[in-house]
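Coordinates as given in target.cif (mmCIF, C-alpha atoms and all ligand atoms):
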data_final
loop_
_atom_site.label_atom_id
_atom_site.label_comp_id
_atom_site.auth_asym_id
_atom_site.auth_seq_id
_atom_site.Cartn_x
_atom_site.Cartn_y
_atom_site.Cartn_z
CA MET A 23 32.91 -57.53 49.51
CA PRO A 24 32.35 -53.81 48.96
CA GLU A 25 35.54 -51.95 48.09
CA LEU A 26 36.25 -48.24 47.65
CA PRO A 27 33.97 -47.67 44.59
CA GLU A 28 30.99 -49.38 46.22
CA VAL A 29 31.49 -47.55 49.52
CA GLU A 30 31.93 -44.23 47.71
CA THR A 31 28.64 -44.87 45.88
CA VAL A 32 26.92 -45.43 49.23
CA ARG A 33 28.59 -42.26 50.57
CA ARG A 34 27.15 -40.21 47.72
CA GLY A 35 23.74 -41.63 48.50
CA LEU A 36 24.15 -40.64 52.14
CA GLU A 37 25.20 -37.13 51.13
CA ALA A 38 22.07 -36.75 49.02
CA GLY A 39 19.57 -38.45 51.30
CA VAL A 40 20.76 -38.45 54.90
CA VAL A 41 22.98 -35.37 55.50
CA GLY A 42 20.84 -32.67 57.10
CA ARG A 43 18.49 -35.20 58.67
CA THR A 44 18.27 -35.90 62.42
CA ALA A 45 18.21 -39.38 63.97
CA VAL A 46 14.97 -39.54 65.95
CA SER A 47 15.13 -43.22 66.90
CA VAL A 48 17.81 -45.90 67.03
CA SER A 49 17.16 -49.62 67.32
CA ALA A 50 20.01 -52.14 67.29
CA THR A 51 19.10 -55.81 67.48
CA GLY A 52 22.32 -57.28 66.09
CA ALA A 53 24.74 -57.65 69.00
CA ARG A 54 27.69 -58.42 66.74
CA THR A 55 27.04 -55.37 64.57
CA VAL A 56 27.23 -53.04 67.57
CA ARG A 57 29.91 -55.07 69.39
CA ARG A 58 32.14 -52.05 69.94
CA GLN A 59 29.76 -50.18 72.25
CA GLY A 60 26.47 -52.08 72.58
CA ALA A 61 22.93 -51.15 71.58
CA THR A 62 22.15 -48.85 74.53
CA GLU A 63 25.31 -46.79 74.13
CA LEU A 64 24.74 -46.43 70.37
CA GLN A 65 21.18 -45.27 71.03
CA LEU A 66 22.31 -42.74 73.66
CA ARG A 67 25.05 -41.27 71.49
CA LEU A 68 23.04 -41.07 68.27
CA THR A 69 19.43 -40.23 69.11
CA GLY A 70 18.70 -36.53 68.51
CA ARG A 71 21.94 -35.95 66.57
CA ARG A 72 21.90 -34.35 63.14
CA PHE A 73 24.08 -35.71 60.32
CA GLU A 74 26.34 -32.89 59.12
CA ALA A 75 28.45 -34.53 56.41
CA ALA A 76 29.10 -37.90 54.79
CA ARG A 77 32.80 -38.77 54.59
CA ARG A 78 34.74 -41.86 53.58
CA ARG A 79 38.23 -43.21 54.03
CA GLY A 80 39.03 -46.45 52.24
CA LYS A 81 36.13 -48.81 52.92
CA TYR A 82 34.90 -46.90 56.02
CA LEU A 83 32.00 -44.46 56.08
CA ALA A 84 31.77 -41.66 58.64
CA LEU A 85 28.63 -39.56 59.08
CA LEU A 86 29.76 -36.52 61.05
CA LEU A 87 27.42 -35.52 63.90
CA ASP A 88 26.33 -32.01 64.90
CA GLU A 89 27.70 -32.15 68.44
CA GLY A 90 31.01 -33.78 67.46
CA GLY A 91 32.01 -37.31 66.69
CA ALA A 92 30.78 -39.48 63.85
CA LEU A 93 28.63 -42.50 63.10
CA VAL A 94 31.07 -45.01 61.59
CA VAL A 95 29.85 -47.79 59.29
CA HIS A 96 32.12 -50.56 58.00
CA LEU A 97 30.33 -52.88 55.57
CA ARG A 98 33.08 -55.57 55.58
CA MET A 99 32.01 -58.82 53.81
CA SER A 100 28.28 -58.48 53.30
CA GLY A 101 27.00 -55.31 54.98
CA GLN A 102 24.43 -53.11 53.20
CA LEU A 103 23.13 -49.68 54.11
CA LEU A 104 19.64 -49.02 52.78
CA LEU A 105 17.65 -45.81 52.91
CA VAL A 106 13.97 -46.72 53.03
CA ALA A 107 11.57 -43.85 52.40
CA ASP A 108 8.57 -45.66 53.83
CA ALA A 109 9.32 -46.92 57.34
CA SER A 110 6.26 -49.19 57.26
CA LEU A 111 8.00 -51.44 54.71
CA PRO A 112 8.93 -54.71 56.45
CA LEU A 113 12.55 -55.29 57.47
CA VAL A 114 14.45 -57.71 55.25
CA PRO A 115 16.14 -60.64 57.05
CA HIS A 116 19.46 -59.82 58.77
CA THR A 117 18.54 -56.17 59.47
CA HIS A 118 20.60 -55.37 62.59
CA VAL A 119 20.35 -51.59 63.05
CA VAL A 120 17.46 -49.24 62.18
CA ILE A 121 17.89 -45.47 62.47
CA GLY A 122 14.66 -43.49 62.14
CA LEU A 123 15.12 -40.07 60.51
CA ASP A 124 13.10 -36.88 61.05
CA ASP A 125 11.53 -37.03 57.56
CA GLY A 126 9.96 -40.42 58.29
CA SER A 127 12.53 -42.43 56.35
CA GLU A 128 14.78 -45.11 57.86
CA LEU A 129 18.45 -45.90 57.47
CA ARG A 130 18.81 -49.67 57.81
CA PHE A 131 21.96 -51.76 58.20
CA VAL A 132 21.59 -55.30 56.81
CA ASP A 133 24.39 -57.86 57.17
CA PRO A 134 23.90 -61.64 56.75
CA ARG A 135 27.46 -62.55 57.73
CA THR A 136 27.69 -59.99 60.60
CA PHE A 137 31.35 -59.04 60.05
CA GLY A 138 30.27 -55.43 59.51
CA GLU A 139 30.20 -52.81 62.24
CA VAL A 140 28.24 -49.72 63.28
CA TYR A 141 29.40 -47.41 66.09
CA VAL A 142 29.71 -43.79 67.18
CA ALA A 143 33.29 -42.53 67.38
CA GLY A 144 33.69 -39.72 69.90
CA ASP A 145 36.96 -38.15 68.90
CA LEU A 146 37.93 -36.79 65.51
CA GLY A 147 41.53 -36.39 64.42
CA PRO A 148 43.20 -33.39 62.77
CA GLY A 149 41.77 -34.45 59.37
CA GLY A 150 38.22 -34.24 60.75
CA LEU A 151 37.71 -38.02 60.71
CA PRO A 152 37.68 -40.61 63.52
CA VAL A 153 41.30 -41.27 64.48
CA GLU A 154 41.23 -44.95 63.52
CA LEU A 155 40.20 -43.94 59.98
CA GLU A 156 42.99 -41.37 59.81
CA ARG A 157 45.52 -44.15 60.51
CA LEU A 158 44.59 -45.86 57.22
CA GLY A 159 46.79 -45.48 54.15
CA VAL A 160 46.28 -42.96 51.36
CA ASP A 161 42.81 -42.97 49.75
CA PRO A 162 43.44 -42.89 45.97
CA VAL A 163 40.10 -41.29 45.08
CA ALA A 164 39.85 -38.75 47.92
CA ASP A 165 43.56 -37.86 48.01
CA GLY A 166 45.02 -38.99 44.68
CA LEU A 167 48.05 -41.29 44.46
CA PRO A 168 51.31 -39.68 43.29
CA PRO A 169 53.69 -42.38 41.99
CA ALA A 170 56.37 -41.28 44.46
CA ARG A 171 53.98 -41.91 47.34
CA LEU A 172 53.09 -45.41 46.10
CA GLY A 173 56.79 -46.02 45.51
CA ARG A 174 57.56 -45.22 49.15
CA ALA A 175 54.73 -47.48 50.34
CA LEU A 176 55.97 -50.44 48.27
CA SER A 177 59.71 -49.82 48.57
CA GLY A 178 61.77 -52.83 49.62
CA ARG A 179 58.74 -55.00 50.40
CA ARG A 180 59.03 -58.67 49.58
CA LEU A 181 55.29 -59.31 49.45
CA PRO A 182 53.28 -59.66 46.20
CA VAL A 183 52.05 -56.43 44.60
CA LYS A 184 48.45 -57.54 45.04
CA ALA A 185 48.90 -58.11 48.77
CA ALA A 186 50.46 -54.66 49.13
CA LEU A 187 47.64 -52.97 47.21
CA MET A 188 45.15 -54.69 49.54
CA ASP A 189 47.03 -53.71 52.74
CA GLN A 190 44.78 -50.96 54.12
CA ARG A 191 47.70 -49.37 56.00
CA LEU A 192 49.49 -48.70 52.69
CA VAL A 193 46.60 -47.83 50.36
CA ALA A 194 43.03 -47.66 51.68
CA GLY A 195 40.01 -49.05 49.85
CA ILE A 196 41.31 -51.76 47.48
CA GLY A 197 40.14 -55.38 47.79
CA ASN A 198 40.28 -58.53 45.69
CA ILE A 199 38.40 -57.29 42.61
CA TYR A 200 40.06 -53.93 42.06
CA ALA A 201 43.56 -55.20 42.92
CA ASP A 202 43.30 -57.60 39.94
CA GLU A 203 41.87 -54.92 37.66
CA ILE A 204 44.58 -52.42 38.67
CA CYS A 205 47.37 -54.97 38.08
CA PHE A 206 45.95 -55.76 34.64
CA ARG A 207 45.71 -52.07 33.70
CA ALA A 208 49.29 -51.55 34.91
CA ARG A 209 50.54 -54.69 33.07
CA VAL A 210 52.01 -56.03 36.33
CA ARG A 211 51.42 -59.59 37.55
CA PRO A 212 49.54 -59.65 40.88
CA ASP A 213 52.06 -62.12 42.32
CA ARG A 214 55.12 -60.05 41.36
CA ARG A 215 57.17 -59.05 44.38
CA CYS A 216 57.13 -55.33 45.22
CA ASP A 217 60.92 -55.16 45.52
CA THR A 218 61.29 -56.17 41.85
CA LEU A 219 59.20 -53.26 40.51
CA THR A 220 60.93 -50.73 38.28
CA PRO A 221 60.05 -47.01 38.59
CA PRO A 222 57.98 -47.15 35.35
CA ALA A 223 56.02 -50.11 36.74
CA VAL A 224 55.34 -48.22 39.98
CA ARG A 225 54.16 -45.23 37.95
CA ARG A 226 51.84 -47.44 35.87
CA LEU A 227 50.45 -48.98 39.07
CA ALA A 228 49.80 -45.58 40.65
CA GLU A 229 48.07 -44.27 37.52
CA ALA A 230 46.06 -47.48 37.05
CA THR A 231 44.92 -47.39 40.68
CA VAL A 232 43.36 -43.94 40.35
CA GLU A 233 41.96 -44.63 36.85
CA VAL A 234 40.33 -47.97 37.67
CA LEU A 235 38.83 -46.77 40.96
CA GLU A 236 37.48 -43.56 39.42
CA GLU A 237 35.96 -45.44 36.48
CA ALA A 238 34.35 -47.87 38.92
CA VAL A 239 32.95 -45.01 41.01
CA ALA A 240 31.50 -43.48 37.83
CA ALA A 241 29.80 -46.85 37.13
CA ARG A 242 28.54 -46.96 40.74
CA GLY A 243 30.61 -50.00 41.72
CA SER A 244 30.47 -53.71 40.90
CA THR A 245 27.57 -56.01 41.73
CA LEU A 246 28.67 -59.65 41.30
CA ALA A 247 26.56 -62.72 40.67
CA ASP A 248 25.79 -63.02 44.40
CA ALA A 249 23.97 -59.65 44.04
CA ARG A 250 25.17 -58.77 47.51
CA TYR A 251 26.32 -55.22 46.82
CA ARG A 252 23.54 -52.64 46.46
CA ASP A 253 23.71 -48.89 46.74
CA LEU A 254 21.77 -46.90 49.35
CA MET A 255 18.59 -47.03 47.26
CA GLY A 256 18.94 -50.78 46.58
CA GLU A 257 20.26 -50.41 43.00
CA ALA A 258 23.00 -52.63 41.55
CA GLY A 259 26.26 -51.19 40.18
CA GLU A 260 27.43 -51.47 36.57
CA PHE A 261 31.21 -51.83 36.67
CA GLN A 262 31.10 -55.65 36.68
CA HIS A 263 30.44 -55.40 32.93
CA SER A 264 33.79 -53.62 32.53
CA HIS A 265 35.98 -56.11 34.44
CA ALA A 266 38.94 -57.02 32.24
CA VAL A 267 40.20 -60.06 34.18
CA TYR A 268 38.43 -60.45 37.55
CA GLY A 269 36.19 -63.56 37.48
CA ARG A 270 37.07 -64.17 33.79
CA ALA A 271 39.21 -67.32 34.00
CA ASP A 272 39.77 -68.90 30.55
CA GLN A 273 37.98 -66.05 28.77
CA PRO A 274 40.03 -64.00 26.30
CA CYS A 275 42.21 -61.19 27.61
CA PRO A 276 40.66 -57.95 26.26
CA ARG A 277 44.12 -56.74 25.23
CA CYS A 278 45.73 -59.78 23.53
CA GLY A 279 43.06 -62.49 23.37
CA ARG A 280 45.01 -65.12 25.35
CA PRO A 281 42.87 -66.91 28.00
CA VAL A 282 42.91 -65.23 31.41
CA THR A 283 44.79 -67.24 34.07
CA ARG A 284 43.37 -67.97 37.50
CA THR A 285 45.76 -68.42 40.42
CA LYS A 286 46.00 -67.79 44.16
CA VAL A 287 47.88 -64.85 45.62
CA GLY A 288 48.03 -64.68 49.40
CA GLY A 289 45.21 -67.23 49.56
CA ARG A 290 42.87 -65.16 47.36
CA SER A 291 41.64 -66.09 43.87
CA SER A 292 43.45 -63.89 41.39
CA PHE A 293 43.11 -63.36 37.67
CA TYR A 294 45.72 -62.06 35.21
CA CYS A 295 46.95 -62.33 31.63
CA GLY A 296 50.21 -64.29 31.41
CA ARG A 297 51.18 -62.48 28.21
CA CYS A 298 50.28 -58.85 29.02
CA GLN A 299 51.34 -58.79 32.66
CA ARG A 300 54.92 -59.17 33.89
ZN ZN B 1 46.67 -60.23 27.46
#
Entire entry expressed as structure tokens:
Amino acid sequence: MPELPEVETVRRGLEAGVVGRTAVSVSATGARTVRRQGATELQLRLTGRRFEAARRRGKYLALLLDEGGALVVHLRMSGQLLLVADASLPLVPHTHVVIGLDDGSELRFVDPRTFGEVYVAGDLGPGGLPVELERLGVDPVADGLPPARLGRALSGRRLPVKAALMDQRLVAGIGNIYADEICFRARVRPDRRCDTLTPPAVRRLAEATVEVLEEAVAARGSTLADARYRDLMGEAGEFQHSHAVYGRADQPCPRCGRPVTRTKVGGRSSFYCGRCQR
């Protein structure tokens, strides 16, 4: 599932290849993908609009439109956005939305599992983003994450640290992979309860969150064995080679050499070092 670094990589691709272009045609064949407003409404609201900026909050993308509003894309489990220079190239299976651009290229939304969503949001909030995106928690890459702010978000909560990091209302953009990597970097067990964290542990978590996510953005995200995540041009990311614990059960911890432990936290597979993390 794409998380903040993967979505930010797609956003950078949109900034380079789609901002400044105008949507000249819109075709939506996936009813579930456009469930919020339907194919006809999407077509009406998007055709003829120019993309002014590519923004992101957490795992949501927002392409701001010239006459107000924004095209919102949420990749969810398996969504991909692809920019195809040659519109005569055949559509891959599970292509649900095709937006023709004024330079002859096409922006295509592909999503085998159809949890993803594409829609035009009419109203922008005071931060210049669709209001439902502005309700999300702090974005550690776009906004930074001061330890005091993370401390307030986690204060008094009885849930595991990993579950809190993945709660999009508290911190936006973190999913299963990066939550494990952040906990490892911060030397905090993913199943530790938030209300047991000391101030130094909160500070390590805040610093690790920004560091891990920024390093992953620099490596253009993580493409796992399922090869599902691709950037806008169809290229894989590189950060999977830098994972310290995620997906590395029984392999040596990069810090101490003890085998990495696999467990479940909140129903999700989780990986940590039982010696380095407390
Ligand atoms: Zn270790």
Grab me every residue within 10 Å of ligand ZN 1 (chain B), counting only C-alpha atoms and all ligand atoms, and send it over as a list in words.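 After applying the 10 Å limit, what remains is Phe206, Arg209, Ala266, Val267, Pro274, Cys275, Pro276, Arg277, Cys278, Gly279, Arg280, Pro281, Val282, Thr283, Tyr294, Cys295, Gly296, Arg297, Cys298 and Gln299 of chain A.
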Ala194 of chain A environment, 7 Å, only C-alpha atoms, sequence neighbours closer than 4 positions dropped, as a ChimeraX atom specification: /A:79-80,158-161,190
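Among the candidate residues A:Tyr82, A:Phe131, A:Phe261, A:Tyr251, the one lying nearest to Leu103 of chain A is A:Phe131, with distances computed using only C-alpha atoms.
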Residues at most 10 Å from Arg34 of chain A, counting only C-alpha atoms, excluding those fewer than 4 positions away in the same chain, as an MDAnalysis selection string? chainID A and resid 29:30 38:40 76:78 242 253:254
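Each of A:Arg171, A:Arg57, A:Arg290, A:Arg43 was compared to His118 of chain A using all atoms listed in the file, and A:Arg57 turns out to be the nearest.
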Calculated over all atoms listed in the file, which of the candidates A:Glu203, A:Leu246, A:Leu83, A:Gly90 has the smallest distance to Leu146 of chain A?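 Going through A:Glu203, A:Leu246, A:Leu83, A:Gly90 one by one, the smallest distance to Leu146 of chain A is for A:Gly90.
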Computed interatomic separation between atom CA of Gly149 of chain A and atom CA of Leu87 of chain A (Å):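 Computing the Euclidean distance for atom CA of Gly149 of chain A and atom CA of Leu87 of chain A yields 15.1 Å.
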Which residue is closest to Lys286 of chain A? Choose from A:Val56, A:Ala185, A:Leu167, A:Ala107 and count only C-alpha atoms.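 Nearest to Lys286 of chain A: A:Ala185.
Take the candidates A:Gly256, A:Pro182, A:Gly269, A:Gly70 and check each one against Arg130 of chain A using all atoms listed in the file; the shortest distance goes to A:Gly256.
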Straight-line distance linking atom CA of Gly122 of chain A with atom CA of Leu85 of chain A, stated in Å to one decimal: 14.8 Å
Using all atoms listed in the file, the residue out of A:Pro134, A:Pro168, A:Gly259, A:Gly150 with shortest distance to Ala241 of chain A is A:Gly259
Output, as lines of an AutoDock Vina configuration file, the centre and edge lengths in Å (one decimal) of the axis-aligned box that contains all listed atoms of segment 88-91 of chain A with 8 Å of margin on each side.
center_x = 29.2
center_y = -34.7
center_z = 66.7
size_x = 21.7
size_y = 21.3
size_z = 19.5
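Reported to one decimal place, the separation of atom CA of Glu128 of chain A from atom CA of Ser47 of chain A is 9.2 Å.
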Shell around Arg180 of chain A at 9 Å using only C-alpha atoms, local window under 2 positions removed, as a ChimeraX atom specification: /A:176-178,182-183,215-218
Find the residues near His96 of chain A: any atom within 8 Å, counting all atoms listed in the file, skip ones fewer than 3 places away on the same chain, and give them as a PDB file with C-alpha atoms, keeping the file's coordinate frame.
ATOM      1  CA  LYS A  81      36.130 -48.810  52.920  1.00  0.00           C
ATOM      2  CA  TYR A  82      34.900 -46.900  56.020  1.00  0.00           C
ATOM      3  CA  LEU A  83      32.000 -44.460  56.080  1.00  0.00           C
ATOM      4  CA  GLY A 101      27.000 -55.310  54.980  1.00  0.00           C
ATOM      5  CA  GLY A 138      30.270 -55.430  59.510  1.00  0.00           C
ATOM      6  CA  GLU A 139      30.200 -52.810  62.240  1.00  0.00           C
ATOM      7  CA  VAL A 140      28.240 -49.720  63.280  1.00  0.00           C
TER       8      VAL A 140
END
For segment 275-286 of chain A, where the input has fewer atoms than it should, I would like all heavy atoms rebuilt and written as an mmCIF file, in the frame of the given file.
data_model
loop_
_atom_site.group_PDB
_atom_site.id
_atom_site.type_symbol
_atom_site.label_atom_id
_atom_site.label_comp_id
_atom_site.auth_asym_id
_atom_site.auth_seq_id
_atom_site.Cartn_x
_atom_site.Cartn_y
_atom_site.Cartn_z
ATOM 1 N N CYS A 275 41.712 -62.474 27.117
ATOM 2 C CA CYS A 275 42.210 -61.190 27.610
ATOM 3 C C CYS A 275 41.734 -60.097 26.656
ATOM 4 O O CYS A 275 41.867 -60.234 25.439
ATOM 5 C CB CYS A 275 43.739 -61.225 27.633
ATOM 6 S SG CYS A 275 44.516 -59.605 27.723
ATOM 7 N N PRO A 276 41.162 -58.998 27.160
ATOM 8 C CA PRO A 276 40.660 -57.950 26.260
ATOM 9 C C PRO A 276 41.769 -57.243 25.487
ATOM 10 O O PRO A 276 41.503 -56.580 24.493
ATOM 11 C CB PRO A 276 39.943 -56.972 27.202
ATOM 12 C CG PRO A 276 40.357 -57.337 28.577
ATOM 13 C CD PRO A 276 40.868 -58.736 28.565
ATOM 14 N N ARG A 277 43.025 -57.433 25.910
ATOM 15 C CA ARG A 277 44.120 -56.740 25.230
ATOM 16 C C ARG A 277 44.744 -57.632 24.150
ATOM 17 O O ARG A 277 45.023 -57.175 23.058
ATOM 18 C CB ARG A 277 45.167 -56.316 26.258
ATOM 19 C CG ARG A 277 46.152 -55.261 25.775
ATOM 20 C CD ARG A 277 47.169 -54.929 26.859
ATOM 21 N NE ARG A 277 46.675 -53.949 27.813
ATOM 22 C CZ ARG A 277 46.868 -54.030 29.125
ATOM 23 N NH1 ARG A 277 47.506 -55.050 29.661
ATOM 24 N NH2 ARG A 277 46.403 -53.096 29.931
ATOM 25 N N CYS A 278 44.973 -58.929 24.468
ATOM 26 C CA CYS A 278 45.730 -59.780 23.530
ATOM 27 C C CYS A 278 44.966 -61.039 23.105
ATOM 28 O O CYS A 278 45.412 -61.747 22.202
ATOM 29 C CB CYS A 278 47.062 -60.184 24.143
ATOM 30 S SG CYS A 278 46.910 -61.473 25.400
ATOM 31 N N GLY A 279 43.861 -61.355 23.781
ATOM 32 C CA GLY A 279 43.060 -62.490 23.370
ATOM 33 C C GLY A 279 43.446 -63.819 24.019
ATOM 34 O O GLY A 279 42.718 -64.807 23.913
ATOM 35 N N ARG A 280 44.604 -63.878 24.678
ATOM 36 C CA ARG A 280 45.010 -65.120 25.350
ATOM 37 C C ARG A 280 44.081 -65.373 26.538
ATOM 38 O O ARG A 280 43.638 -64.433 27.197
ATOM 39 C CB ARG A 280 46.450 -64.940 25.814
ATOM 40 C CG ARG A 280 47.022 -66.131 26.561
ATOM 41 C CD ARG A 280 48.372 -65.728 27.163
ATOM 42 N NE ARG A 280 48.706 -66.652 28.245
ATOM 43 C CZ ARG A 280 49.864 -67.267 28.366
ATOM 44 N NH1 ARG A 280 50.810 -67.067 27.468
ATOM 45 N NH2 ARG A 280 50.104 -68.062 29.388
ATOM 46 N N PRO A 281 43.778 -66.648 26.867
ATOM 47 C CA PRO A 281 42.870 -66.910 28.000
ATOM 48 C C PRO A 281 43.423 -66.355 29.316
ATOM 49 O O PRO A 281 44.619 -66.463 29.594
ATOM 50 C CB PRO A 281 42.787 -68.436 28.046
ATOM 51 C CG PRO A 281 43.183 -68.887 26.682
ATOM 52 C CD PRO A 281 44.163 -67.872 26.166
ATOM 53 N N VAL A 282 42.533 -65.784 30.105
ATOM 54 C CA VAL A 282 42.910 -65.230 31.410
ATOM 55 C C VAL A 282 43.235 -66.386 32.359
ATOM 56 O O VAL A 282 42.541 -67.402 32.393
ATOM 57 C CB VAL A 282 41.745 -64.370 31.966
ATOM 58 C CG1 VAL A 282 41.961 -64.020 33.432
ATOM 59 C CG2 VAL A 282 41.570 -63.112 31.124
ATOM 60 N N THR A 283 44.318 -66.228 33.125
ATOM 61 C CA THR A 283 44.790 -67.240 34.070
ATOM 62 C C THR A 283 44.203 -66.992 35.449
ATOM 63 O O THR A 283 44.125 -65.845 35.889
ATOM 64 C CB THR A 283 46.331 -67.183 34.166
ATOM 65 O OG1 THR A 283 46.864 -67.384 32.870
ATOM 66 C CG2 THR A 283 46.864 -68.245 35.119
ATOM 67 N N ARG A 284 43.815 -68.066 36.116
ATOM 68 C CA ARG A 284 43.370 -67.970 37.500
ATOM 69 C C ARG A 284 44.429 -68.581 38.403
ATOM 70 O O ARG A 284 44.940 -69.658 38.125
ATOM 71 C CB ARG A 284 42.061 -68.729 37.671
ATOM 72 C CG ARG A 284 41.536 -68.711 39.090
ATOM 73 C CD ARG A 284 40.288 -69.590 39.191
ATOM 74 N NE ARG A 284 39.697 -69.413 40.505
ATOM 75 C CZ ARG A 284 38.400 -69.284 40.718
ATOM 76 N NH1 ARG A 284 37.549 -69.313 39.719
ATOM 77 N NH2 ARG A 284 37.937 -69.133 41.937
ATOM 78 N N THR A 285 44.764 -67.890 39.490
ATOM 79 C CA THR A 285 45.760 -68.420 40.420
ATOM 80 C C THR A 285 45.365 -67.984 41.817
ATOM 81 O O THR A 285 44.301 -67.418 42.025
ATOM 82 C CB THR A 285 47.166 -67.930 40.027
ATOM 83 O OG1 THR A 285 48.124 -68.541 40.894
ATOM 84 C CG2 THR A 285 47.298 -66.426 40.145
ATOM 85 N N LYS A 286 46.219 -68.287 42.795
ATOM 86 C CA LYS A 286 46.000 -67.790 44.160
ATOM 87 C C LYS A 286 47.162 -66.891 44.526
ATOM 88 O O LYS A 286 48.317 -67.249 44.298
ATOM 89 C CB LYS A 286 45.941 -68.957 45.154
ATOM 90 C CG LYS A 286 44.703 -69.826 44.994
ATOM 91 C CD LYS A 286 43.751 -69.628 46.153
ATOM 92 C CE LYS A 286 42.543 -70.547 45.982
ATOM 93 N NZ LYS A 286 41.467 -70.216 46.898
#
